[in-house]
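> Input file: input_10.txt. Contents: compact mmCIF, C-alpha atoms.
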```
# COMPACT_ATOMS: atom_id res chain seq x y z
CA MET A 1 6.08 40.17 74.80
CA ALA A 2 7.24 36.92 73.42
CA ARG A 3 5.43 35.83 70.27
CA ALA A 4 3.82 32.43 70.20
CA LYS A 5 6.04 30.25 68.15
CA VAL A 6 4.38 28.44 65.26
CA PRO A 7 6.10 25.15 64.80
CA ARG A 8 7.65 24.87 61.39
CA LYS A 9 6.12 22.13 59.30
CA SER A 10 7.68 20.27 56.47
CA THR A 11 6.36 21.24 53.00
CA ALA A 12 6.91 17.79 51.60
CA ILE A 13 3.61 16.05 50.82
CA ASP A 14 3.14 12.36 50.55
CA MET A 15 2.79 11.83 46.82
CA THR A 16 2.17 8.11 46.97
CA ALA A 17 -1.61 8.22 46.65
CA MET A 18 -1.47 10.78 43.87
CA CYS A 19 1.06 8.70 42.03
CA ASP A 20 -1.15 5.63 42.39
CA VAL A 21 -4.16 7.40 40.94
CA ALA A 22 -2.16 8.91 38.12
CA PHE A 23 -0.82 5.57 37.03
CA LEU A 24 -4.17 3.90 37.37
CA LEU A 25 -5.66 6.42 34.96
CA LEU A 26 -2.68 6.16 32.69
CA THR A 27 -3.06 2.40 32.47
CA PHE A 28 -6.74 2.78 31.74
CA PHE A 29 -6.17 5.22 28.89
CA ILE A 30 -3.37 3.21 27.37
CA LEU A 31 -5.49 0.07 27.37
CA THR A 32 -8.60 1.71 25.96
CA ALA A 33 -6.77 3.71 23.33
CA THR A 34 -6.96 2.09 19.94
CA ALA A 35 -3.70 2.29 18.12
CA ARG A 36 -4.07 4.04 14.83
CA GLN A 37 -3.60 1.59 12.02
CA PRO A 38 -1.31 2.74 9.28
CA ASP A 39 -3.22 3.46 6.13
CA PRO A 40 -1.94 1.66 3.07
CA ALA A 41 -3.07 4.45 0.82
CA ASN A 42 -2.30 7.94 1.90
CA ILE A 43 -5.84 9.18 2.35
CA THR A 44 -6.90 12.67 3.33
CA THR A 45 -10.56 12.65 4.15
CA PRO A 46 -12.65 15.67 3.17
CA THR A 47 -13.95 17.89 5.93
CA SER A 48 -17.58 18.30 6.88
CA THR A 49 -19.70 19.68 9.67
CA TYR A 50 -21.42 16.38 10.34
CA GLU A 51 -20.87 15.10 13.85
CA ILE A 52 -22.12 11.55 13.73
CA LYS A 53 -19.60 9.19 15.22
CA VAL A 54 -18.61 6.13 13.27
CA PRO A 55 -19.64 2.97 15.11
CA ASP A 56 -16.70 0.99 16.46
CA LYS A 57 -17.97 -2.48 15.79
CA ASP A 58 -19.85 -4.40 13.11
CA LEU A 59 -18.39 -2.09 10.55
CA ALA A 60 -16.58 -2.46 7.27
CA ILE A 61 -14.40 0.33 6.00
CA LEU A 62 -13.70 0.75 2.32
CA SER A 63 -10.82 3.10 1.78
CA ILE A 64 -10.56 4.63 -1.65
CA GLY A 65 -7.40 6.39 -2.67
CA HIS A 66 -5.57 6.92 -5.94
CA GLY A 67 -7.93 4.67 -7.85
CA LYS A 68 -7.39 1.72 -5.52
CA VAL A 69 -9.73 0.31 -2.95
CA PHE A 70 -8.77 -1.18 0.39
CA PHE A 71 -10.97 -3.19 2.67
CA GLU A 72 -11.16 -3.65 6.39
CA VAL A 73 -13.74 -5.18 8.65
CA ILE A 74 -13.67 -4.48 12.38
CA GLY A 75 -13.42 -7.32 14.87
CA GLN A 76 -10.98 -10.21 15.05
CA ASP A 77 -13.65 -12.91 15.08
CA ILE A 78 -15.37 -11.34 12.07
CA LYS A 79 -12.09 -11.09 10.14
CA ARG A 80 -11.33 -14.71 10.81
CA TYR A 81 -14.74 -15.92 9.73
CA THR A 82 -14.68 -13.74 6.63
CA LEU A 83 -11.28 -15.08 5.64
CA GLU A 84 -12.46 -18.67 6.00
CA LYS A 85 -15.49 -18.01 3.80
CA MET A 86 -13.43 -16.13 1.24
CA GLY A 87 -11.01 -19.03 1.15
CA GLU A 88 -13.87 -21.41 0.43
CA THR A 89 -15.22 -19.17 -2.32
CA TYR A 90 -11.89 -18.81 -4.08
CA GLY A 91 -10.47 -22.23 -3.26
CA VAL A 92 -7.61 -21.05 -1.06
CA THR A 93 -6.94 -22.77 2.26
CA PHE A 94 -5.42 -20.80 5.08
CA SER A 95 -3.55 -22.33 7.97
CA GLU A 96 -4.42 -21.61 11.59
CA GLU A 97 -1.36 -19.38 11.85
CA GLU A 98 -2.39 -17.38 8.78
CA LYS A 99 -5.89 -16.88 10.12
CA LYS A 100 -4.46 -15.61 13.37
CA ARG A 101 -2.23 -13.16 11.54
CA PHE A 102 -5.07 -11.97 9.35
CA ALA A 103 -7.28 -11.34 12.39
CA VAL A 104 -5.00 -8.56 13.58
CA LEU A 105 -4.35 -7.11 10.15
CA GLY A 106 -5.64 -3.66 9.35
CA SER A 107 -6.81 -2.30 6.04
CA PHE A 108 -5.50 -4.28 3.08
CA GLY A 109 -5.75 -4.13 -0.67
CA VAL A 110 -4.44 -7.27 -2.29
CA PRO A 111 -6.09 -9.60 -4.76
CA MET A 112 -7.13 -12.98 -3.44
CA ASN A 113 -4.29 -14.86 -5.17
CA GLN A 114 -1.71 -12.66 -3.43
CA LEU A 115 -3.39 -12.65 -0.04
CA LYS A 116 -1.49 -15.65 1.32
CA ASN A 117 1.81 -13.98 0.51
CA PHE A 118 0.67 -10.76 2.04
CA ILE A 119 -0.42 -12.38 5.30
CA ASN A 120 2.97 -14.02 5.71
CA MET A 121 4.90 -10.79 5.34
CA ASN A 122 6.08 -8.85 8.34
CA GLY A 123 5.02 -5.27 9.00
CA GLU A 124 7.96 -3.68 7.25
CA GLU A 125 7.60 -5.73 4.10
CA ARG A 126 3.91 -4.91 3.98
CA THR A 127 4.48 -1.18 3.85
CA LYS A 128 7.13 -1.56 1.16
CA THR A 129 5.41 -4.11 -1.00
CA THR A 130 3.95 -3.30 -4.36
CA ILE A 131 1.38 -6.08 -4.38
CA GLN A 132 -1.14 -3.82 -2.66
CA THR A 133 -2.78 -2.92 -5.93
CA GLY A 134 -6.21 -2.59 -4.41
CA ILE A 135 -8.93 -5.20 -4.28
CA PRO A 136 -10.13 -6.08 -7.77
CA THR A 137 -13.58 -4.63 -8.28
CA SER A 138 -14.49 -6.69 -11.31
CA ASP A 139 -13.30 -9.91 -12.88
CA SER A 140 -14.44 -12.45 -15.40
CA THR A 141 -17.19 -13.72 -13.13
CA SER A 142 -18.54 -10.15 -13.19
CA ARG A 143 -19.11 -9.91 -9.44
CA GLY A 144 -15.59 -9.11 -8.40
CA GLU A 145 -13.63 -9.78 -5.25
CA LEU A 146 -14.73 -6.64 -3.48
CA TYR A 147 -18.34 -7.73 -3.85
CA GLN A 148 -17.44 -11.04 -2.22
CA TRP A 149 -15.50 -9.43 0.62
CA VAL A 150 -18.40 -7.18 1.48
CA LEU A 151 -20.92 -9.99 1.13
CA GLN A 152 -18.93 -12.46 3.23
CA SER A 153 -18.21 -9.95 5.97
CA ARG A 154 -21.89 -9.03 6.12
CA MET A 155 -22.74 -12.69 6.51
CA ALA A 156 -20.05 -13.05 9.17
CA VAL A 157 -21.47 -10.16 11.18
CA ALA A 158 -24.96 -11.58 10.85
CA ALA A 159 -23.82 -15.05 11.89
CA LEU A 160 -21.56 -14.13 14.78
CA HIS A 161 -23.09 -10.98 16.22
CA ASN A 162 -26.63 -11.15 14.91
CA GLU A 163 -26.38 -7.53 13.78
CA ARG A 164 -26.47 -5.65 10.52
CA MET A 165 -23.11 -4.53 9.35
CA SER A 166 -22.69 -0.88 8.56
CA ILE A 167 -20.48 0.21 5.72
CA SER A 168 -18.25 3.23 5.77
CA ILE A 169 -16.49 4.75 2.83
CA LYS A 170 -13.28 6.57 3.46
CA GLY A 171 -12.38 8.39 0.31
CA ASP A 172 -9.50 10.64 -0.53
CA SER A 173 -10.76 14.15 -1.14
CA LYS A 174 -9.00 14.37 -4.49
CA GLU A 175 -10.44 11.09 -5.71
CA GLU A 176 -12.30 11.25 -9.02
CA TYR A 177 -16.00 10.71 -8.54
CA PRO A 178 -16.30 7.82 -11.06
CA THR A 179 -14.06 5.66 -8.85
CA VAL A 180 -16.32 6.30 -5.90
CA ARG A 181 -19.36 5.61 -8.03
CA LYS A 182 -17.94 2.27 -9.10
CA ILE A 183 -17.53 1.22 -5.45
CA ILE A 184 -20.99 2.46 -4.49
CA ASP A 185 -22.48 0.56 -7.42
CA ILE A 186 -20.92 -2.64 -6.10
CA LEU A 187 -22.56 -2.02 -2.74
CA GLN A 188 -25.88 -1.24 -4.36
CA LYS A 189 -25.77 -4.53 -6.20
CA GLN A 190 -26.19 -6.12 -2.78
CA LYS A 191 -28.98 -3.69 -1.97
CA GLN A 192 -26.81 -1.77 0.43
CA ASN A 193 -28.20 1.68 -0.15
CA LYS A 194 -27.14 3.27 3.07
CA PHE A 195 -23.58 4.01 4.03
CA SER A 196 -21.59 6.57 5.87
CA LEU A 197 -18.80 8.66 4.46
CA ILE A 198 -15.95 9.19 6.85
CA THR A 199 -14.99 12.83 7.11
CA SER A 200 -12.76 14.83 9.37
CA PRO A 201 -14.29 17.54 11.53
CA GLU A 202 -14.49 21.09 10.35
CA GLY A 203 -14.86 24.14 12.53
CA ALA A 204 -18.01 26.21 12.71
CA PRO A 205 -19.56 26.73 9.28
CA LYS A 206 -17.80 29.38 7.27
CA LYS A 207 -19.95 32.43 6.98
CA MET B 208 2.85 3.96 53.20
CA ALA B 209 5.87 4.35 51.07
CA GLU B 210 8.46 4.73 53.73
CA LEU B 211 9.55 1.67 55.55
CA ASP B 212 9.84 1.26 59.24
CA THR B 213 13.46 1.99 59.78
CA SER B 214 13.43 2.39 63.52
CA GLY B 215 14.93 -0.98 64.04
CA GLY B 216 14.28 -3.30 66.95
CA GLY B 217 15.12 -2.83 70.58
CA LYS B 218 18.68 -1.70 71.18
CA LYS B 219 21.15 -3.98 72.77
CA GLY B 220 24.36 -2.55 73.95
CA GLY B 221 26.17 0.31 72.33
CA LYS B 222 27.07 -1.24 69.00
CA VAL B 223 28.21 1.07 66.29
CA ARG B 224 25.59 1.18 63.59
CA SER B 225 25.73 2.61 60.16
CA LYS B 226 23.67 5.72 59.69
CA LYS B 227 20.12 4.95 58.71
CA GLN B 228 18.95 6.59 55.53
CA SER B 229 15.39 7.52 54.80
CA THR B 230 13.70 5.34 52.22
CA ARG B 231 11.36 8.12 51.13
CA VAL B 232 11.60 8.80 47.42
CA ASP B 233 10.63 12.07 45.87
CA LEU B 234 7.66 11.14 43.70
CA THR B 235 7.03 14.60 42.27
CA ALA B 236 8.77 13.99 38.99
CA MET B 237 7.08 10.64 38.55
CA VAL B 238 3.64 12.14 39.14
CA ASP B 239 4.42 14.92 36.69
CA LEU B 240 5.31 12.43 34.04
CA ALA B 241 2.24 10.29 34.72
CA PHE B 242 -0.09 13.24 34.37
CA LEU B 243 1.61 14.38 31.21
CA LEU B 244 1.00 10.97 29.66
CA ILE B 245 -2.58 10.89 30.92
CA THR B 246 -3.27 14.21 29.26
CA PHE B 247 -1.73 12.98 26.05
CA PHE B 248 -3.77 9.78 25.95
CA MET B 249 -6.98 11.53 26.93
CA LEU B 250 -6.64 14.04 24.13
CA THR B 251 -5.61 11.61 21.43
CA THR B 252 -8.29 9.03 22.16
CA THR B 253 -11.19 11.45 22.01
CA LEU B 254 -9.94 13.41 19.03
CA SER B 255 -9.05 10.61 16.69
CA LYS B 256 -12.57 9.21 16.53
CA PRO B 257 -13.62 9.67 12.93
CA LEU B 258 -16.87 11.36 12.05
CA ALA B 259 -19.19 10.29 9.34
CA MET B 260 -22.06 11.53 7.28
CA GLU B 261 -24.87 9.17 6.54
CA ILE B 262 -26.00 9.01 2.96
CA VAL B 263 -28.77 6.99 1.47
CA LYS B 264 -28.91 6.32 -2.22
CA PRO B 265 -32.05 5.47 -4.11
CA ASP B 266 -32.53 1.79 -4.75
CA LYS B 267 -31.52 0.72 -8.23
CA ASP B 268 -34.32 -1.76 -8.60
CA VAL B 269 -36.49 -0.02 -11.19
CA LYS B 270 -39.09 -2.78 -11.22
CA ASN B 271 -40.17 -1.94 -7.72
CA LYS B 272 -42.86 0.71 -7.98
CA ASP B 273 -42.19 2.05 -4.49
CA ASN B 274 -38.84 3.27 -5.68
CA LYS B 275 -40.36 5.92 -7.90
CA LEU B 276 -41.04 9.23 -6.33
CA GLU B 277 -42.86 12.04 -8.03
CA LEU B 278 -41.35 15.39 -7.33
CA LYS B 279 -43.02 18.74 -7.73
CA ALA B 280 -41.19 20.92 -10.22
CA SER B 281 -41.80 24.05 -8.18
CA SER B 282 -40.02 22.67 -5.13
CA THR B 283 -37.21 20.79 -6.78
CA MET B 284 -33.70 22.06 -7.15
CA THR B 285 -31.23 20.12 -9.23
CA ILE B 286 -27.55 20.55 -8.57
CA LEU B 287 -25.06 19.30 -11.13
CA LEU B 288 -21.51 18.85 -9.95
CA GLY B 289 -19.00 19.64 -12.66
CA LYS B 290 -15.26 19.78 -12.91
CA ASP B 291 -12.91 22.51 -11.65
CA ASN B 292 -14.95 22.80 -8.44
CA LYS B 293 -17.85 24.37 -10.30
CA LEU B 294 -21.47 23.42 -10.15
CA ALA B 295 -24.66 24.26 -11.97
CA TRP B 296 -28.12 24.44 -10.50
CA TYR B 297 -31.63 25.06 -11.71
CA MET B 298 -35.11 24.97 -10.29
CA GLY B 299 -37.91 22.88 -11.71
CA GLU B 300 -37.71 20.93 -14.94
CA ALA B 301 -34.61 20.58 -17.04
CA GLY B 302 -34.43 22.77 -20.11
CA LYS B 303 -37.08 25.22 -18.99
CA SER B 304 -34.72 27.43 -17.09
CA ALA B 305 -31.05 27.84 -17.87
CA PRO B 306 -28.77 26.45 -15.17
CA THR B 307 -26.82 28.95 -13.13
CA ILE B 308 -23.11 28.20 -12.92
CA VAL B 309 -21.64 28.97 -9.53
CA SER B 310 -18.68 28.02 -7.39
CA PHE B 311 -18.85 26.31 -4.03
CA ASN B 312 -18.63 29.58 -2.12
CA GLN B 313 -21.87 30.88 -3.56
CA ILE B 314 -24.02 27.78 -3.52
CA ARG B 315 -25.02 28.16 0.11
CA ALA B 316 -26.70 31.50 -0.55
CA ASP B 317 -28.52 30.01 -3.55
CA ILE B 318 -29.75 27.00 -1.60
CA LEU B 319 -31.03 29.23 1.19
CA ALA B 320 -32.72 31.57 -1.30
CA ASN B 321 -34.47 28.66 -3.01
CA LYS B 322 -35.46 27.18 0.31
CA LYS B 323 -37.08 30.49 1.26
CA LYS B 324 -38.78 30.75 -2.13
CA VAL B 325 -40.39 27.34 -1.68
CA ALA B 326 -41.39 28.12 1.89
CA ASP B 327 -43.01 31.37 0.68
CA ILE B 328 -45.45 29.44 -1.50
CA GLY B 329 -47.21 28.84 1.77
CA ASN B 330 -47.92 25.14 1.48
CA PRO B 331 -46.76 23.58 4.75
CA LYS B 332 -46.39 20.20 3.08
CA MET B 333 -43.92 21.50 0.57
CA SER B 334 -40.27 22.08 1.24
CA LEU B 335 -37.25 22.19 -0.98
CA THR B 336 -36.12 18.86 -2.37
CA VAL B 337 -32.67 18.65 -3.83
CA ILE B 338 -31.47 16.34 -6.54
CA ILE B 339 -27.72 15.97 -6.77
CA LYS B 340 -26.13 14.75 -9.94
CA PRO B 341 -22.41 14.26 -9.65
CA THR B 342 -20.89 14.02 -13.11
CA SER B 343 -17.67 12.30 -14.06
CA GLY B 344 -15.64 15.48 -13.79
CA CYS B 345 -16.18 16.18 -10.12
CA ASN B 346 -14.15 14.77 -7.28
CA TYR B 347 -15.07 13.20 -3.99
CA GLN B 348 -14.46 16.38 -2.04
CA ASN B 349 -17.08 18.20 -4.15
CA PHE B 350 -19.63 15.55 -3.38
CA VAL B 351 -18.97 15.66 0.35
CA ASP B 352 -19.02 19.45 0.25
CA ILE B 353 -22.43 19.64 -1.36
CA MET B 354 -23.89 17.15 1.10
CA ASP B 355 -22.42 19.27 3.83
CA GLU B 356 -23.96 22.43 2.40
CA LEU B 357 -27.38 20.79 2.49
CA ASN B 358 -26.78 19.88 6.10
CA ILE B 359 -25.78 23.45 6.93
CA ALA B 360 -28.81 24.82 5.08
CA LYS B 361 -30.97 22.40 7.09
CA ILE B 362 -32.75 20.87 4.12
CA VAL B 363 -35.12 18.39 5.73
CA ASN B 364 -35.96 16.30 2.69
CA ALA B 365 -33.36 13.67 2.02
CA PRO B 366 -31.52 14.62 -1.16
CA SER B 367 -31.77 12.26 -4.09
CA ILE B 368 -28.36 11.35 -5.39
CA ASP B 369 -28.39 10.36 -9.02
CA ASP B 370 -24.94 9.59 -10.30
CA ASP B 371 -25.83 7.47 -13.29
CA PRO B 372 -24.22 9.18 -16.28
CA GLU B 373 -27.12 8.01 -18.45
CA HIS B 374 -29.55 9.96 -16.32
CA LEU B 375 -27.89 13.21 -17.21
CA LEU B 376 -30.42 14.96 -19.41
CA GLU B 377 -29.59 16.44 -22.78
CA GLY B 378 -30.44 19.96 -21.65
CA GLU B 379 -28.19 19.61 -18.64
CA LYS B 380 -25.34 18.30 -20.73
CA GLN B 381 -25.52 21.18 -23.14
CA ALA B 382 -25.60 23.79 -20.42
CA MET B 383 -22.63 22.23 -18.67
CA LYS B 384 -20.68 21.88 -21.90
CA ALA B 385 -21.34 25.51 -22.73
CA ALA B 386 -19.88 26.49 -19.37
CA GLY B 387 -16.96 24.14 -19.88
CA ILE B 388 -17.52 22.15 -16.71
CA LEU B 389 -18.53 18.77 -18.10
```
Can you present the structure in this file as structure tokens?

Amino acid sequence: MARAKVPRKSTAIDMTAMCDVAFLLLTFFILTATARQPDPANITTPTSTYEIKVPDKDLAILSIGHGKVFFEVIGQDIKRYTLEKMGETYGVTFSEEEKKRFAVLGSFGVPMNQLKNFINMNGEERTKTTIQTGIPTSDSTSRGELYQWVLQSRMAVAALHNERMSISIKGDSKEEYPTVRKIIDILQKQKQNKFSLITSPEGAPKK
Amino acid sequence: MAELDTSGGGKKGGKVRSKKQSTRVDLTAMVDLAFLLITFFMLTTTLSKPLAMEIVKPDKDVKNKDNKLELKASSTMTILLGKDNKLAWYMGEAGKSAPTIVSFNQIRADILANKKKVADIGNPKMSLTVIIKPTSGCNYQNFVDIMDELNIAKIVNAPSIDDDPEHLLEGEKQAMKAAGIL
């Protein structure tokens, strides 16, 4: 008896639709991913079991490493506004171009009188430079530049977003406690008694 | 779809035509690559989100009466953070009981034991309150660790963090000096 012949079918599948979907997702992830900003100070955060996520807007991050403190506030509009106010406070005028450059700048740690220089550097010079000595925490007027940065950025957040700014501290795990205390004291002078400490995740609690 | 219509128009005459090639491209490799990148971006975006612990410090304004909180000696545990990753703790008032010097591995057991002791008193309103006094010798990791331990031990009362060196009591200083951790 002759067997019924099954017609041979091609195994090639049309990949077009799959390819479309894959690239659509890829584009989405690339666009939503936030590029990791290079840290000026090499900071290793301590580990903890806390699992509260850091908010991604209306936030200022104070990085503390090797006795220096670096400052960053999230949001280009906030950065711009803060820079304008800081310029007014310290009598430095920034050009439109400089404001634009500052708005995309990450964490920085330069005194106010060096800031103009720092903004005009390119990425490579910034990583090499030695002027990143940390933001001065105290000066002759007793308040200090860090106090002003925090204050001005809080006012910027309040003015532009009508929100309270949260403050995060990102400290190096080997940092001496007195340095951290000094920074916290500055925040407490503005009655900021609540802040979050950025930590990296730890596995299940060690038994 | 991806392939083009290559059948050509109506034929006229018997002209010699070049062989028609299929315009189909093998997309397998491209799809492989796309999914590899998708996986990479998915994993990196979710994992790099930093985590944070919330801490609240007592207000420094001493004139405000609301800022003073009376603590019961029987339910209060004071933890002093010293240098070399060592810490000292005692229950109740300073000077009445000698601080116990422990390392970070042992403190969890002590916190849990004290928590149980306070719970055993039988007053539902009372639970262990912890005062943390980081001294100048300790580092940031120690401070985060101890906050973490309290979280693991599920201490419900917010810990009071007192890092003013002037608030370090004489009895505490002596005990820490004797142990060589100040």
> Quick check: residues of chain B within 6 Å of chain A, all atoms listed in the file, returned as a list in words.
Leu234, Val238, Ala241, Ile245, Phe248, Thr252, Leu258, Ala259, Met260, Glu261, Ile262, Val263, Lys264, Ser343, Cys345, Asn346, Tyr347, Gln348 and Asp355 of chain B
> Mind working out the centre and edge lengths of an axis-aligned box for segment 379-385 of chain B, all listed atoms inside, 6 Å added to each side, rounded to one decimal in Å and written as AutoDock Vina command-line options?

```
--center_x -24.4 --center_y 21.9 --center_z -20.9 --size_x 19.5 --size_y 19.2 --size_z 16.5
```
> Work out how far atom CA of Gly67 of chain A is from atom CA of Leu151 of chain A, in Å to one decimal.
21.5 Å
> Which residues are near segment 335-339 of chain B? Cut-off 6 Å, only C-alpha atoms, ignore same chain within fewer than 4 positions. Put them as a list in words.
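The neighbour list is Ser282, Thr283, Met284, Thr285, Ile286, Lys322, Asn364, Pro366, Ser367 and Ile368 of chain B.
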> For Glu377 of chain B, which of B:Val351, B:Ala301, B:Leu319, B:Leu250 is the closest residue, counting all atoms listed in the file?
B:Ala301
> Hey, what's within 10 Å of Arg164 of chain A if we count only C-alpha atoms and toss same-chain stuff fewer than 4 positions away? As a list in words, please?
Asp58, Leu59, Arg154, Met155, Ala156, Val157, Ala158 and Ala159 of chain A
> So the first atom is atom CA of Ile78 of chain A and the second is atom CA of Ile131 of chain A; what is the distance between them in Å, to one decimal place?
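Computing it gives 24.1 Å between the two atoms.
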> Using all atoms listed in the file, which residues sit within 10 Å of Gly91 of chain A once same-chain residues fewer than 5 positions away are excluded, as a ChimeraX atom specification?
/A:85-86,112-113
> Hey, can you check how far atom CA of Arg143 of chain A sits from atom CA of Asp370 of chain B?
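Pair atom CA of Arg143 of chain A / atom CA of Asp370 of chain B returns 20.4 Å.
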> Do you know which residues are at most 9 Å from Trp149 of chain A counting all atoms listed in the file, after dropping those on the same chain fewer than 6 positions away, and could you put them as a list in words?
Phe71, Thr82, Leu83 and Met86 of chain A
> How about saving the chosen residues, C-alpha atoms kept, as a CSV table (one decimal), in the coordinates of the input?

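Output contents, as saved in out-v5.csv:
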```csv
chain,number,residue,atom,x,y,z
A,71,PHE,CA,-11.0,-3.2,2.7
A,82,THR,CA,-14.7,-13.7,6.6
A,83,LEU,CA,-11.3,-15.1,5.6
A,86,MET,CA,-13.4,-16.1,1.2
```
> Restricting the calculation to all atoms listed in the file, which member of B:Asp266, B:Glu356, B:Glu300, B:Asp239 is positioned closest to Glu379 of chain B?
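Checking each candidate against Glu379 of chain B, we get B:Glu300 as the closest.
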